[in-house]
Amino acid sequence: MNPNWTKVKVFTNALQAEIVKQMLVENNIPAVVLNKQDSSYHFGLVELYVDNEHTLEATALIDSFNDEELQNNED
């Protein structure tokens with residue numbers, strides 16, 4: 001991976017990784033998903049990377065996204 005990118009989150013669900021990536025892109029944060037899952041059995045990890053200069057902003061957005069998801073699941 002390019003040294004200008006930082007891994008900010010790891011998922012086991014590729015769809016969830018893509019949703020978070022899209023949220024970051026919509027907020028003008030360049031993001032890339034690196035799917036390391038086995039193509040036949042879908043086990044393994046999916047990693048989300050952002051440009052180094054957006055790491056803190058991306059982490060804050062991901063945390064707020066996770067908080068909203070938790071609240072929506074409790075309602």
# chains A, B, ... in the order shown; residues from 1 in each chain; ligands from 1
>>> select_by_dssp(residues="segment 19-54 of chain A", states="strand (DSSP E or B)", output="NGL selection string")
:A and (31-35 or 46-51)
>>> select_by_dssp(residues="chain A", states="helix (DSSP H, G or I)", output="ChimeraX atom specification")
/A:14-26,52-74
>>> write_last_selection(atoms="N, CA, C and O atoms", output="compact mmCIF listing (two decimals), in the first residue's frame")
# COMPACT_ATOMS: atom_id res chain seq x y z
N ALA A 14 -17.76 -6.78 3.91
CA ALA A 14 -17.34 -5.92 2.80
C ALA A 14 -18.37 -4.84 2.50
O ALA A 14 -18.00 -3.71 2.16
N LEU A 15 -19.64 -5.14 2.64
CA LEU A 15 -20.68 -4.15 2.38
C LEU A 15 -20.61 -3.00 3.37
O LEU A 15 -20.71 -1.83 2.99
N GLN A 16 -20.40 -3.32 4.62
CA GLN A 16 -20.28 -2.28 5.65
C GLN A 16 -19.06 -1.39 5.37
O GLN A 16 -19.12 -0.17 5.51
N ALA A 17 -17.97 -1.99 4.93
CA ALA A 17 -16.77 -1.22 4.58
C ALA A 17 -17.05 -0.25 3.44
O ALA A 17 -16.63 0.91 3.47
N GLU A 18 -17.80 -0.71 2.44
CA GLU A 18 -18.14 0.15 1.30
C GLU A 18 -19.06 1.29 1.71
O GLU A 18 -18.94 2.41 1.21
N ILE A 19 -19.98 1.03 2.64
CA ILE A 19 -20.88 2.08 3.12
C ILE A 19 -20.08 3.17 3.84
O ILE A 19 -20.29 4.36 3.61
N VAL A 20 -19.16 2.77 4.70
CA VAL A 20 -18.34 3.74 5.43
C VAL A 20 -17.43 4.49 4.45
O VAL A 20 -17.27 5.71 4.56
N LYS A 21 -16.87 3.80 3.48
CA LYS A 21 -16.04 4.44 2.47
C LYS A 21 -16.84 5.52 1.73
O LYS A 21 -16.36 6.64 1.53
N GLN A 22 -18.06 5.19 1.32
CA GLN A 22 -18.90 6.14 0.60
C GLN A 22 -19.21 7.37 1.46
O GLN A 22 -19.21 8.49 0.97
N MET A 23 -19.44 7.16 2.76
CA MET A 23 -19.69 8.27 3.67
C MET A 23 -18.47 9.20 3.73
O MET A 23 -18.61 10.41 3.70
N LEU A 24 -17.28 8.62 3.75
CA LEU A 24 -16.07 9.43 3.76
C LEU A 24 -15.90 10.20 2.45
O LEU A 24 -15.60 11.40 2.46
N VAL A 25 -16.11 9.54 1.34
CA VAL A 25 -15.97 10.18 0.02
C VAL A 25 -16.96 11.34 -0.11
O VAL A 25 -16.62 12.40 -0.63
N GLU A 26 -18.18 11.15 0.38
CA GLU A 26 -19.19 12.21 0.34
C GLU A 26 -18.78 13.41 1.18
O GLU A 26 -19.27 14.52 0.97
N ASN A 52 -3.26 10.23 4.37
CA ASN A 52 -2.67 10.59 5.67
C ASN A 52 -3.18 11.91 6.23
O ASN A 52 -3.42 12.03 7.42
N GLU A 53 -3.35 12.90 5.38
CA GLU A 53 -3.74 14.23 5.88
C GLU A 53 -5.19 14.27 6.35
O GLU A 53 -5.60 15.25 6.98
N HIS A 54 -5.97 13.24 6.08
CA HIS A 54 -7.37 13.20 6.49
C HIS A 54 -7.66 12.17 7.59
O HIS A 54 -8.81 11.91 7.91
N THR A 55 -6.62 11.63 8.19
CA THR A 55 -6.79 10.54 9.16
C THR A 55 -7.65 10.94 10.35
O THR A 55 -8.59 10.23 10.71
N LEU A 56 -7.36 12.08 10.96
CA LEU A 56 -8.11 12.49 12.15
C LEU A 56 -9.56 12.80 11.81
O LEU A 56 -10.47 12.40 12.55
N GLU A 57 -9.78 13.49 10.72
CA GLU A 57 -11.14 13.82 10.30
C GLU A 57 -11.93 12.54 9.98
O GLU A 57 -13.10 12.40 10.37
N ALA A 58 -11.29 11.61 9.30
CA ALA A 58 -11.95 10.34 8.95
C ALA A 58 -12.30 9.55 10.20
O ALA A 58 -13.41 9.01 10.31
N THR A 59 -11.39 9.48 11.15
CA THR A 59 -11.64 8.75 12.38
C THR A 59 -12.82 9.36 13.14
O THR A 59 -13.67 8.63 13.65
N ALA A 60 -12.88 10.68 13.20
CA ALA A 60 -13.99 11.35 13.88
C ALA A 60 -15.32 11.05 13.19
O ALA A 60 -16.33 10.78 13.85
N LEU A 61 -15.34 11.09 11.85
CA LEU A 61 -16.57 10.79 11.12
C LEU A 61 -17.00 9.34 11.31
O LEU A 61 -18.19 9.06 11.49
N ILE A 62 -16.05 8.43 11.30
CA ILE A 62 -16.37 7.01 11.49
C ILE A 62 -16.94 6.80 12.90
O ILE A 62 -17.92 6.09 13.07
N ASP A 63 -16.34 7.44 13.88
CA ASP A 63 -16.84 7.32 15.25
C ASP A 63 -18.26 7.86 15.37
O ASP A 63 -19.11 7.24 16.01
N SER A 64 -18.53 9.00 14.75
CA SER A 64 -19.88 9.57 14.82
C SER A 64 -20.87 8.69 14.04
O SER A 64 -22.01 8.52 14.45
N PHE A 65 -20.42 8.10 12.94
CA PHE A 65 -21.26 7.19 12.16
C PHE A 65 -21.61 5.97 13.00
O PHE A 65 -22.77 5.54 13.04
N ASN A 66 -20.63 5.42 13.72
CA ASN A 66 -20.86 4.25 14.57
C ASN A 66 -21.81 4.60 15.71
O ASN A 66 -22.67 3.80 16.07
N ASP A 67 -21.69 5.80 16.29
CA ASP A 67 -22.58 6.22 17.36
C ASP A 67 -24.02 6.31 16.86
O ASP A 67 -24.95 5.89 17.53
N GLU A 68 -24.21 6.86 15.66
CA GLU A 68 -25.55 6.97 15.07
C GLU A 68 -26.14 5.59 14.82
O GLU A 68 -27.33 5.35 15.06
N GLU A 69 -25.32 4.66 14.33
CA GLU A 69 -25.80 3.31 14.06
C GLU A 69 -26.25 2.63 15.35
O GLU A 69 -27.27 1.95 15.38
N LEU A 70 -25.49 2.82 16.44
CA LEU A 70 -25.86 2.24 17.71
C LEU A 70 -27.19 2.80 18.21
O LEU A 70 -28.04 2.06 18.70
N GLN A 71 -27.37 4.10 18.07
CA GLN A 71 -28.61 4.73 18.51
C GLN A 71 -29.78 4.25 17.67
O GLN A 71 -30.86 3.99 18.20
N ASN A 72 -29.60 4.11 16.37
CA ASN A 72 -30.67 3.64 15.50
C ASN A 72 -31.06 2.20 15.81
O ASN A 72 -32.22 1.83 15.71
N ASN A 73 -30.10 1.39 16.20
CA ASN A 73 -30.39 0.00 16.52
C ASN A 73 -31.09 -0.14 17.87
O ASN A 73 -31.77 -1.11 18.13
N GLU A 74 -30.89 0.84 18.78
CA GLU A 74 -31.54 0.79 20.08
C GLU A 74 -32.99 1.24 20.02
O GLU A 74 -33.80 0.86 20.84
>>> atom_distance(atom1="atom CA of Lys7 of chain A", atom2="atom CA of Lys36 of chain A")
13.3 Å
>>> atom_distance(atom1="atom CA of Thr6 of chain A", atom2="atom CA of Glu47 of chain A")
10.0 Å
>>> atom_distance(atom1="atom CA of Pro30 of chain A", atom2="atom CA of Thr12 of chain A")
21.1 Å
>>> closest_residue(among="A:Ile29, A:Leu48, A:Asn35, A:Tyr41", to="Val8 of chain A", atoms="only C-alpha atoms")
A:Leu48
